[in-house]
Every structure is written in structure tokens, then in C-alpha cells.
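Trainee: work_17.cif (mmCIF, C-alpha atoms) pasted underneath:
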data_protein
loop_
_atom_site.label_atom_id
_atom_site.label_comp_id
_atom_site.auth_asym_id
_atom_site.auth_seq_id
_atom_site.Cartn_x
_atom_site.Cartn_y
_atom_site.Cartn_z
CA MET A 1 104.39 -21.66 228.40
CA ASN A 2 105.36 -21.72 232.08
CA TYR A 3 108.10 -19.09 232.26
CA ASN A 4 108.48 -19.55 235.98
CA GLN A 5 109.58 -23.15 235.42
CA LEU A 6 111.96 -22.08 232.65
CA VAL A 7 113.64 -19.51 234.89
CA LEU A 8 113.95 -22.04 237.72
CA LYS A 9 115.36 -24.65 235.34
CA TYR A 10 118.03 -22.23 234.16
CA ILE A 11 118.93 -21.13 237.69
CA ASN A 12 119.06 -24.70 239.01
CA ALA A 13 121.71 -25.57 236.42
CA PHE A 14 124.15 -23.28 238.28
CA GLN A 15 126.25 -24.22 241.25
CA LYS A 16 125.87 -22.24 244.43
CA ASP A 17 128.10 -19.16 244.55
CA ASP A 18 128.12 -18.87 240.76
CA PRO A 19 127.12 -15.49 239.30
CA ILE A 20 123.94 -15.60 237.21
CA PHE A 21 123.41 -12.69 234.84
CA ILE A 22 119.89 -11.50 234.06
CA GLU A 23 120.78 -11.05 230.37
CA GLU A 24 121.60 -14.76 230.13
CA ILE A 25 118.36 -15.77 231.82
CA LYS A 26 116.34 -13.68 229.39
CA GLU A 27 118.34 -14.97 226.43
CA TYR A 28 117.49 -18.51 227.51
CA VAL A 29 113.78 -17.90 228.15
CA VAL A 30 113.00 -15.95 224.96
CA GLN A 31 114.03 -18.99 222.91
CA PHE A 32 110.68 -20.48 223.91
CA CYS A 33 108.43 -17.54 223.04
CA LYS A 34 107.18 -15.83 219.91
CA LYS A 35 109.14 -12.87 218.60
CA GLU A 36 106.28 -10.45 219.24
CA ASP A 37 106.12 -11.56 222.90
CA ILE A 38 109.79 -10.94 223.76
CA ASN A 39 109.27 -7.63 225.60
CA LYS A 40 106.41 -9.01 227.65
CA VAL A 41 108.36 -12.16 228.50
CA CYS A 42 111.38 -10.12 229.63
CA GLU A 43 109.09 -8.15 231.95
CA ASN A 44 107.76 -11.44 233.32
CA VAL A 45 111.31 -12.63 233.97
CA ASN A 46 111.96 -9.49 236.03
CA VAL A 47 108.86 -10.20 238.12
CA ILE A 48 109.84 -13.86 238.59
CA LEU A 49 113.38 -12.93 239.69
CA ASN A 50 112.06 -10.38 242.18
CA ARG A 51 109.81 -13.05 243.69
CA LEU A 52 112.62 -15.64 243.84
CA ASN A 53 114.76 -13.01 245.53
CA LYS A 54 112.11 -12.36 248.19
CA GLU A 55 111.79 -16.12 248.74
CA ASN A 56 115.58 -16.28 249.28
CA ILE A 57 115.99 -18.82 246.45
CA ILE A 58 118.41 -16.37 244.86
CA LYS A 59 120.22 -13.30 246.17
CA THR A 60 121.12 -10.08 244.41
CA PHE A 61 124.84 -9.32 244.17
CA TYR A 62 124.02 -6.04 242.50
CA LYS A 63 121.53 -5.00 239.84
CA GLY A 64 121.24 -7.68 237.16
CA ILE A 65 123.54 -10.21 238.86
CA TYR A 66 122.19 -13.00 241.08
CA TYR A 67 123.49 -16.09 242.85
CA LYS A 68 122.28 -19.04 244.88
CA PRO A 69 123.57 -18.44 248.42
CA THR A 70 125.68 -20.93 250.32
CA LYS A 71 125.61 -21.30 254.09
CA ASN A 72 128.13 -22.31 256.72
CA VAL A 73 128.19 -22.16 260.52
CA PHE A 74 128.51 -18.36 260.30
CA GLY A 75 125.45 -17.93 258.05
CA GLU A 76 125.07 -17.04 254.37
CA MET A 77 128.26 -16.45 252.43
CA PRO A 78 128.47 -13.49 250.02
CA LEU A 79 129.17 -14.12 246.36
CA ASP A 80 132.87 -14.23 245.47
CA LYS A 81 133.54 -10.93 243.70
CA ASN A 82 136.35 -12.45 241.63
CA LYS A 83 133.89 -14.88 240.03
CA VAL A 84 131.79 -11.94 238.87
CA ILE A 85 134.84 -10.13 237.49
CA ASP A 86 135.92 -13.27 235.65
CA LYS A 87 132.53 -13.81 234.03
CA LYS A 88 131.72 -10.18 233.33
CA TYR A 89 135.06 -9.04 231.93
CA LEU A 90 137.60 -11.84 231.46
CA LYS A 91 135.94 -14.91 229.93
CA ASP A 92 132.74 -15.51 227.99
CA LYS A 93 130.27 -18.32 228.71
CA ASN A 94 132.40 -20.72 226.64
CA SER A 95 135.52 -19.81 228.67
CA ASN A 96 137.04 -17.94 225.72
CA ARG A 97 139.16 -14.95 226.65
CA LYS A 98 137.63 -11.49 226.30
CA GLY A 99 139.79 -9.58 228.78
CA TYR A 100 142.85 -9.62 231.01
CA ILE A 101 144.23 -8.10 234.21
CA ALA A 102 146.55 -5.13 233.64
CA GLY A 103 148.35 -2.39 235.56
CA ALA A 104 149.61 -2.64 239.15
CA LYS A 105 147.58 -5.79 239.86
CA LEU A 106 149.38 -7.61 237.06
CA PHE A 107 152.76 -6.38 238.34
CA ASN A 108 151.80 -7.67 241.79
CA GLN A 109 150.79 -11.07 240.43
CA LEU A 110 154.17 -11.41 238.71
CA GLY A 111 156.09 -10.42 241.84
CA LEU A 112 157.40 -7.17 240.38
CA THR A 113 155.85 -5.13 243.21
CA THR A 114 154.31 -5.68 246.62
CA GLN A 115 151.75 -2.95 245.97
CA VAL A 116 148.16 -4.21 246.15
CA PRO A 117 146.01 -1.66 244.32
CA ASN A 118 142.52 -0.84 245.54
CA ILE A 119 141.30 -0.69 241.96
CA THR A 120 142.07 -3.48 239.47
CA ASN A 121 142.68 -2.41 235.89
CA ILE A 122 141.10 -4.64 233.26
CA VAL A 123 141.36 -4.46 229.48
CA THR A 124 138.26 -6.07 227.99
CA ASN A 125 136.21 -6.42 224.82
CA GLU A 126 133.21 -5.57 227.01
CA CYS A 127 134.32 -1.92 227.08
CA LYS A 128 132.54 -0.43 224.08
CA ASN A 129 134.64 2.71 223.56
CA TYR A 130 138.02 4.10 224.52
CA ASN A 131 136.87 5.90 227.66
CA GLU A 132 137.80 4.28 230.97
CA TYR A 133 134.95 3.19 233.20
CA GLU A 134 135.04 2.38 236.90
CA ASN A 135 132.76 -0.28 238.33
CA GLU A 136 132.50 0.71 241.98
CA TYR A 137 130.76 -2.53 242.96
CA LEU A 138 133.68 -4.61 241.73
CA ASN A 139 136.50 -2.09 242.34
CA VAL A 140 137.67 -2.37 238.74
CA THR A 141 138.40 0.08 235.96
CA ILE A 142 137.87 -1.20 232.43
CA ARG A 143 139.23 0.02 229.13
CA LYS A 144 138.99 -1.11 225.53
CA PRO A 145 141.89 -3.01 223.88
CA LYS A 146 143.57 -1.73 220.73
CA VAL A 147 142.82 -5.09 219.09
CA GLU A 148 140.09 -7.54 220.00
CA ILE A 149 141.21 -9.90 222.76
CA ASN A 150 141.10 -13.65 222.17
CA ASN A 151 142.64 -16.86 223.49
CA GLU A 152 145.69 -16.54 221.26
CA ASN A 153 146.70 -12.93 221.85
CA TYR A 154 145.75 -12.04 225.42
CA ARG A 155 149.11 -13.07 226.95
CA TYR A 156 150.94 -11.05 224.30
CA LEU A 157 148.81 -8.03 225.12
CA GLN A 158 149.48 -8.55 228.82
CA LEU A 159 153.21 -8.52 228.06
CA PHE A 160 152.78 -5.20 226.26
CA ASP A 161 150.96 -3.83 229.29
CA ILE A 162 153.91 -4.80 231.49
CA LEU A 163 156.39 -3.11 229.16
CA ASN A 164 154.20 -0.03 228.68
CA ASN A 165 153.52 0.58 232.35
CA ARG A 166 157.07 0.10 233.60
CA ASP A 167 157.35 3.78 234.53
CA ASN A 168 153.90 3.95 236.17
CA VAL A 169 154.35 1.20 238.77
CA ASN A 170 156.96 1.04 241.51
CA VAL A 171 159.01 -2.04 240.58
CA GLU A 172 160.66 -3.35 243.76
CA VAL A 173 162.93 -6.08 242.42
CA ASP A 174 166.39 -6.10 240.85
CA ASN A 175 165.66 -8.99 238.46
CA GLU A 176 162.83 -7.32 236.55
CA ASP A 177 164.11 -8.44 233.12
CA GLU A 178 164.42 -12.04 234.33
CA ILE A 179 160.81 -12.02 235.56
CA ILE A 180 159.55 -10.62 232.26
CA TYR A 181 161.62 -13.14 230.32
CA GLN A 182 160.21 -15.90 232.53
CA PHE A 183 156.68 -14.67 231.73
CA ILE A 184 157.50 -14.98 228.02
CA GLN A 185 158.83 -18.52 228.51
CA ASP A 186 156.05 -19.71 230.83
CA ASN A 187 153.40 -18.64 228.33
CA ASN A 188 155.29 -19.93 225.26
CA LEU A 189 155.22 -16.53 223.60
CA ASP A 190 156.71 -16.49 220.13
CA PHE A 191 159.06 -13.58 219.43
CA GLU A 192 157.80 -13.15 215.86
CA LYS A 193 154.23 -12.93 217.14
CA ILE A 194 155.33 -10.48 219.80
CA ILE A 195 156.67 -8.22 217.04
CA LYS A 196 153.55 -8.81 214.93
CA TYR A 197 151.12 -7.83 217.69
CA ALA A 198 153.30 -4.88 218.72
CA ARG A 199 153.10 -3.55 215.16
CA GLU A 200 149.34 -4.20 214.98
CA THR A 201 148.86 -2.13 218.11
CA ASN A 202 151.32 0.50 216.82
CA ASN A 203 153.28 0.25 220.03
CA LYS A 204 156.74 1.74 219.44
CA LYS A 205 157.55 1.83 223.15
CA VAL A 206 157.03 -1.92 223.41
CA LEU A 207 159.20 -2.56 220.37
CA GLU A 208 162.05 -0.52 221.82
CA ARG A 209 161.76 -2.32 225.16
CA LEU A 210 161.68 -5.71 223.44
CA TYR A 211 164.86 -5.03 221.53
CA THR A 212 166.53 -4.08 224.84
CA LEU A 213 165.33 -7.34 226.40
CA ALA A 214 166.50 -9.33 223.38
CA ARG A 215 170.01 -7.96 223.71
#
Show me this structure written as C-alpha cells.
Mentor:
Amino acid sequence: MNYNQLVLKYINAFQKDDPIFIEEIKEYVVQFCKKEDINKVCENVNVILNRLNKENIIKTFYKGIYYKPTKNVFGEMPLDKNKVIDKKYLKDKNSNRKGYIAGAKLFNQLGLTTQVPNITNIVTNECKNYNEYENEYLNVTIRKPKVEINNENYRYLQLFDILNNRDNVNVEVDNEDEIIYQFIQDNNLDFEKIIKYARETNNKKVLERLYTLAR
């Protein structure tokens, strides 16, 4: 089995400036080996990636994350950090939701504040316990959701984050309730489901805020 060719085949399937995770490469390659050879094959993959890196076929974004570099008149372009954040924390390989932007960054995106935080808060299934972790390479802090995030509920959970963090972010507009209501409308959020998810997450503060909005 030519593992070098397998690694190259997997890498070549990616566009330039797309993040390529070492775990995915190994997951692909081990499909073609015997179970008892998995550890050895994974070591071989590490060696192959190091060689490809030295040959400038791929570049290292940071440990375990690679990309095929693009060039323009100014030279090689760095990998877009937001693509890494999206793949690592927000969507799985099938584009299903596993996380969402929260905190001041979310307030900024909605136009509730002009603050642009240095650190982006992300709630993600990839956080394995309830401690908060900071990824200094990506300037993000991740935390675990109270319920598992999926395509159906992530906008509802984002809404709860907005309502929960109202006192922690400097809101700079007078039409805050209108913006929140517009968020509900734009994302077709169902009021019964809002109540359902609020109860599932045991979020009394959100329920109180929702009743105020409803009035």
C-alpha cells in the first residue's frame, strides 16, 4: 500500500486555502490498512506530512492543521483564520452545525454594539466539558452548550445568548428590542420552540426576557 499516494490524493481533493486537519487525513488513510497496522500507519502519515511541508506542497497553519498555499503578486497568502474556526468549531465535514458565535461578537454582527472584541466567544459541541478554553492561535474562547447543538436549534440557542448577555455587553442602540425581534423573524424562530428550548436549558432569565418582548 502506497500511503504517500493516499495522503497526496486526499490533500489534492482540497481547494487552496482550505484547512486540512491531520485527524481527517489519518481517518482516510487507515481505511486502507489492517487494524493491527493503524499506529504504524499514523506514524507514517506524520512523516509524509513533514516531508510535504518541507517541499512546500502544504504549509502548517499550526500543529495538526495544514493548507495548500495560494500566491499573488505579494507572495504566499496565509490561511484564512475564519475558515479554520468554521471547520474546527462551527460546522462538521457535512456542513451540519456543531457550534455558533456568541457574546460580544454576536452583538456586533447584529448591530447592537460597535465593539469588536479581540476574543470571539464560541459555544460548540467540540468543547468536551464545562470549562472555558482559549485557543490563542485563533483568538477564540470555547465553551460547552447546555444541550447538543444541531441545525435545528442553534439559532434558538444564539437568541438565548443574546438575551442572557444583555447586561454584559454595551448595547449602543435605542431599538434593541426591534433588532432582537427582527432576528427572530429572519430566522423563522417559532415561539413555542423558543419556550421549549428555554425550558430544556433551564433558562429562567431568558423566559422572563421573552415574556417582556412578547408584551
Trainee: May I ask for the distance between CA of Leu6 in chain A and CA of Glu24 in chain A, given in Å to one decimal place?
Mentor: 12.4 Å
Trainee: Using the chain letters and numbering of this document, enumerate as a list in words the residues selected by the PyMOL selection byres ((chain A and resi 122) around 6).
Mentor: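 On the file shown, the PyMOL selection byres ((chain A and resi 122) around 6) covers Tyr100, Ile101, Ala102, Asn121, Val123 and Ile142 of chain A.
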Trainee: I need the residues from that last selection saved to file as a CSV table (one decimal), keeping the file's coordinate frame (with C-alpha atoms), if you can.
Mentor:
chain,number,residue,atom,x,y,z
A,100,TYR,CA,142.8,-9.6,231.0
A,101,ILE,CA,144.2,-8.1,234.2
A,102,ALA,CA,146.6,-5.1,233.6
A,121,ASN,CA,142.7,-2.4,235.9
A,123,VAL,CA,141.4,-4.5,229.5
A,142,ILE,CA,137.9,-1.2,232.4
Trainee: Using the chain letters and numbers from the file, which residues does the PyMOL selection byres ((chain A and resi 114) around 12) grab, as a ChimeraX atom specification?
Mentor: /A:104-113,115-117,169-173
Trainee: Next, write the just-selected residues to a file, as a short mmCIF file (atom, residue, chain, number, x, y, z; two decimals), keeping the file's coordinate frame, keeping C-alpha atoms as the atom set.
Mentor:
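For reference, out-v8.cif as written:
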data_model
loop_
_atom_site.label_atom_id
_atom_site.label_comp_id
_atom_site.auth_asym_id
_atom_site.auth_seq_id
_atom_site.Cartn_x
_atom_site.Cartn_y
_atom_site.Cartn_z
CA ALA A 104 149.61 -2.64 239.15
CA LYS A 105 147.58 -5.79 239.86
CA LEU A 106 149.38 -7.61 237.06
CA PHE A 107 152.76 -6.38 238.34
CA ASN A 108 151.80 -7.67 241.79
CA GLN A 109 150.79 -11.07 240.43
CA LEU A 110 154.17 -11.41 238.71
CA GLY A 111 156.09 -10.42 241.84
CA LEU A 112 157.40 -7.17 240.38
CA THR A 113 155.85 -5.13 243.21
CA GLN A 115 151.75 -2.95 245.97
CA VAL A 116 148.16 -4.21 246.15
CA PRO A 117 146.01 -1.66 244.32
CA VAL A 169 154.35 1.20 238.77
CA ASN A 170 156.96 1.04 241.51
CA VAL A 171 159.01 -2.04 240.58
CA GLU A 172 160.66 -3.35 243.76
CA VAL A 173 162.93 -6.08 242.42
#
Trainee: With all atoms listed in the file as the atoms that count, which of A:Pro69, A:Ile180, A:Phe21, A:Ile195 lies nearest to Glu208 in chain A?
Mentor: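 Answer, going by the shortest atom-to-atom distance: A:Ile195.
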Trainee: Go through A:Ala13, A:Met77, A:Ile149, A:Val7 and flag the residue nearest Asn46 in chain A, using all atoms listed in the file for the distances.
Mentor: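 Of the candidates, the smallest distance to Asn46 in chain A is held by A:Val7.
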Trainee: Between A:Lys16, A:Phe183, A:Lys98, A:Asn4, which is the closest to Lys59 in chain A once you count all atoms listed in the file?
Mentor: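 Under the stated criterion, the closest residue is A:Lys16.
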Trainee: Nearest residue to Cys127 in chain A out of A:Ile194, A:Leu49, A:Ile20, A:Leu90, using all atoms listed in the file?
Mentor: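 Using all atoms listed in the file, the shortest distance to Cys127 in chain A belongs to A:Leu90.
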Trainee: Mind pulling up the distance from CA of Glu152 in chain A to CA of Thr201 in chain A?
Mentor: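 Between CA of Thr201 in chain A and CA of Glu152 in chain A the gap is 15.1 Å.
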Trainee: Quick one: pull the distance between CA of Tyr133 in chain A and CA of Lys88 in chain A, Å, one decimal.
Mentor: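 About the pair CA of Tyr133 in chain A and CA of Lys88 in chain A: they are 13.8 Å apart.
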Trainee: Quick one: range 89-209 of chain A with C-alpha atoms, as a compact mmCIF listing (two decimals), in the first residue's frame?
Mentor:
# COMPACT_ATOMS: atom_id res chain seq x y z
CA TYR A 89 -15.84 24.68 15.90
CA LEU A 90 -18.91 25.67 13.87
CA LYS A 91 -19.66 23.04 11.21
CA ASP A 92 -18.72 19.40 10.72
CA LYS A 93 -17.44 17.92 7.45
CA ASN A 94 -21.04 17.52 6.24
CA SER A 95 -21.78 21.20 6.98
CA ASN A 96 -24.01 20.29 9.92
CA ARG A 97 -23.98 22.77 12.78
CA LYS A 98 -21.91 21.95 15.85
CA GLY A 99 -21.35 25.45 17.21
CA TYR A 100 -22.24 29.12 16.99
CA ILE A 101 -20.80 32.59 17.62
CA ALA A 102 -21.82 34.10 20.96
CA GLY A 103 -21.05 37.06 23.21
CA ALA A 104 -19.89 40.50 22.05
CA LYS A 105 -19.06 39.26 18.54
CA LEU A 106 -22.66 38.17 18.04
CA PHE A 107 -23.93 41.53 19.36
CA ASN A 108 -21.60 43.26 16.89
CA GLN A 109 -22.83 41.14 13.99
CA LEU A 110 -26.43 42.09 14.80
CA GLY A 111 -25.61 45.79 15.05
CA LEU A 112 -26.33 46.02 18.77
CA THR A 113 -22.83 47.32 19.50
CA THR A 114 -19.85 48.73 17.63
CA GLN A 115 -17.45 46.89 19.95
CA VAL A 116 -15.17 44.47 18.10
CA PRO A 117 -13.85 42.02 20.70
CA ASN A 118 -10.30 40.69 20.47
CA ILE A 119 -11.52 37.27 21.55
CA THR A 120 -14.52 35.60 19.87
CA ASN A 121 -16.75 33.52 22.12
CA ILE A 122 -17.93 30.25 20.61
CA VAL A 123 -20.32 27.67 22.03
CA THR A 124 -19.52 24.30 20.47
CA ASN A 125 -20.05 20.56 20.81
CA GLU A 126 -16.28 20.27 20.38
CA CYS A 127 -15.80 21.54 23.95
CA LYS A 128 -15.80 18.35 26.00
CA ASN A 129 -16.57 19.77 29.45
CA TYR A 130 -17.97 22.90 31.02
CA ASN A 131 -14.66 24.67 31.49
CA GLU A 132 -13.89 27.51 29.09
CA TYR A 133 -10.85 27.11 26.87
CA GLU A 134 -8.97 29.78 24.95
CA ASN A 135 -7.36 28.96 21.62
CA GLU A 136 -4.65 31.60 21.34
CA TYR A 137 -3.90 30.74 17.70
CA LEU A 138 -7.46 31.51 16.66
CA ASN A 139 -8.29 34.16 19.29
CA VAL A 140 -11.39 32.27 20.39
CA THR A 141 -12.76 31.03 23.69
CA ILE A 142 -14.91 27.93 23.52
CA ARG A 143 -17.47 26.57 25.94
CA LYS A 144 -19.85 23.62 26.01
CA PRO A 145 -23.57 24.10 25.26
CA LYS A 146 -26.25 23.07 27.74
CA VAL A 147 -27.83 20.94 25.01
CA GLU A 148 -26.13 19.47 21.96
CA ILE A 149 -26.10 21.94 19.07
CA ASN A 150 -27.64 20.95 15.75
CA ASN A 151 -29.05 22.54 12.60
CA GLU A 152 -32.49 22.97 14.14
CA ASN A 153 -31.64 24.54 17.48
CA TYR A 154 -28.51 26.64 17.01
CA ARG A 155 -30.38 29.87 16.14
CA TYR A 156 -32.61 29.41 19.18
CA LEU A 157 -29.55 28.98 21.37
CA GLN A 158 -27.99 32.08 19.82
CA LEU A 159 -31.14 34.01 20.73
CA PHE A 160 -30.78 32.83 24.32
CA ASP A 161 -27.18 34.01 24.32
CA ILE A 162 -28.33 37.47 23.22
CA LEU A 163 -30.95 37.64 25.96
CA ASN A 164 -28.61 36.21 28.61
CA ASN A 165 -25.71 38.54 27.89
CA ARG A 166 -27.70 41.76 27.65
CA ASP A 167 -26.10 43.10 30.83
CA ASN A 168 -22.56 42.03 29.88
CA VAL A 169 -22.25 43.88 26.56
CA ASN A 170 -22.56 47.62 25.99
CA VAL A 171 -25.64 47.90 23.77
CA GLU A 172 -25.37 51.17 21.81
CA VAL A 173 -28.75 51.35 20.08
CA ASP A 174 -32.21 52.50 21.16
CA ASN A 175 -34.09 49.89 19.11
CA GLU A 176 -32.62 46.81 20.78
CA ASP A 177 -35.98 45.01 21.06
CA GLU A 178 -36.70 45.64 17.37
CA ILE A 179 -33.34 44.14 16.37
CA ILE A 180 -33.93 41.06 18.52
CA TYR A 181 -37.45 40.68 17.14
CA GLN A 182 -36.04 41.01 13.62
CA PHE A 183 -33.54 38.23 14.42
CA ILE A 184 -36.46 36.01 15.46
CA GLN A 185 -38.34 36.80 12.23
CA ASP A 186 -35.33 36.50 9.91
CA ASN A 187 -34.55 33.03 11.25
CA ASN A 188 -38.19 31.88 11.34
CA LEU A 189 -37.98 31.05 15.03
CA ASP A 190 -41.14 29.50 16.43
CA PHE A 191 -42.28 30.93 19.77
CA GLU A 192 -43.36 27.53 21.09
CA LYS A 193 -39.93 26.11 20.28
CA ILE A 194 -38.29 29.11 21.90
CA ILE A 195 -40.15 28.27 25.12
CA LYS A 196 -39.36 24.57 24.71
CA TYR A 197 -35.61 25.10 24.32
CA ALA A 198 -35.58 27.69 27.12
CA ARG A 199 -37.12 25.11 29.46
CA GLU A 200 -34.72 22.39 28.27
CA THR A 201 -31.79 24.63 29.11
CA ASN A 202 -33.45 25.66 32.40
CA ASN A 203 -33.04 29.30 31.48
CA LYS A 204 -35.39 31.36 33.65
CA LYS A 205 -33.72 34.64 32.69
CA VAL A 206 -34.46 34.00 29.02
CA LEU A 207 -38.08 33.13 29.76
CA GLU A 208 -38.58 36.36 31.69
CA ARG A 209 -36.98 38.39 28.90
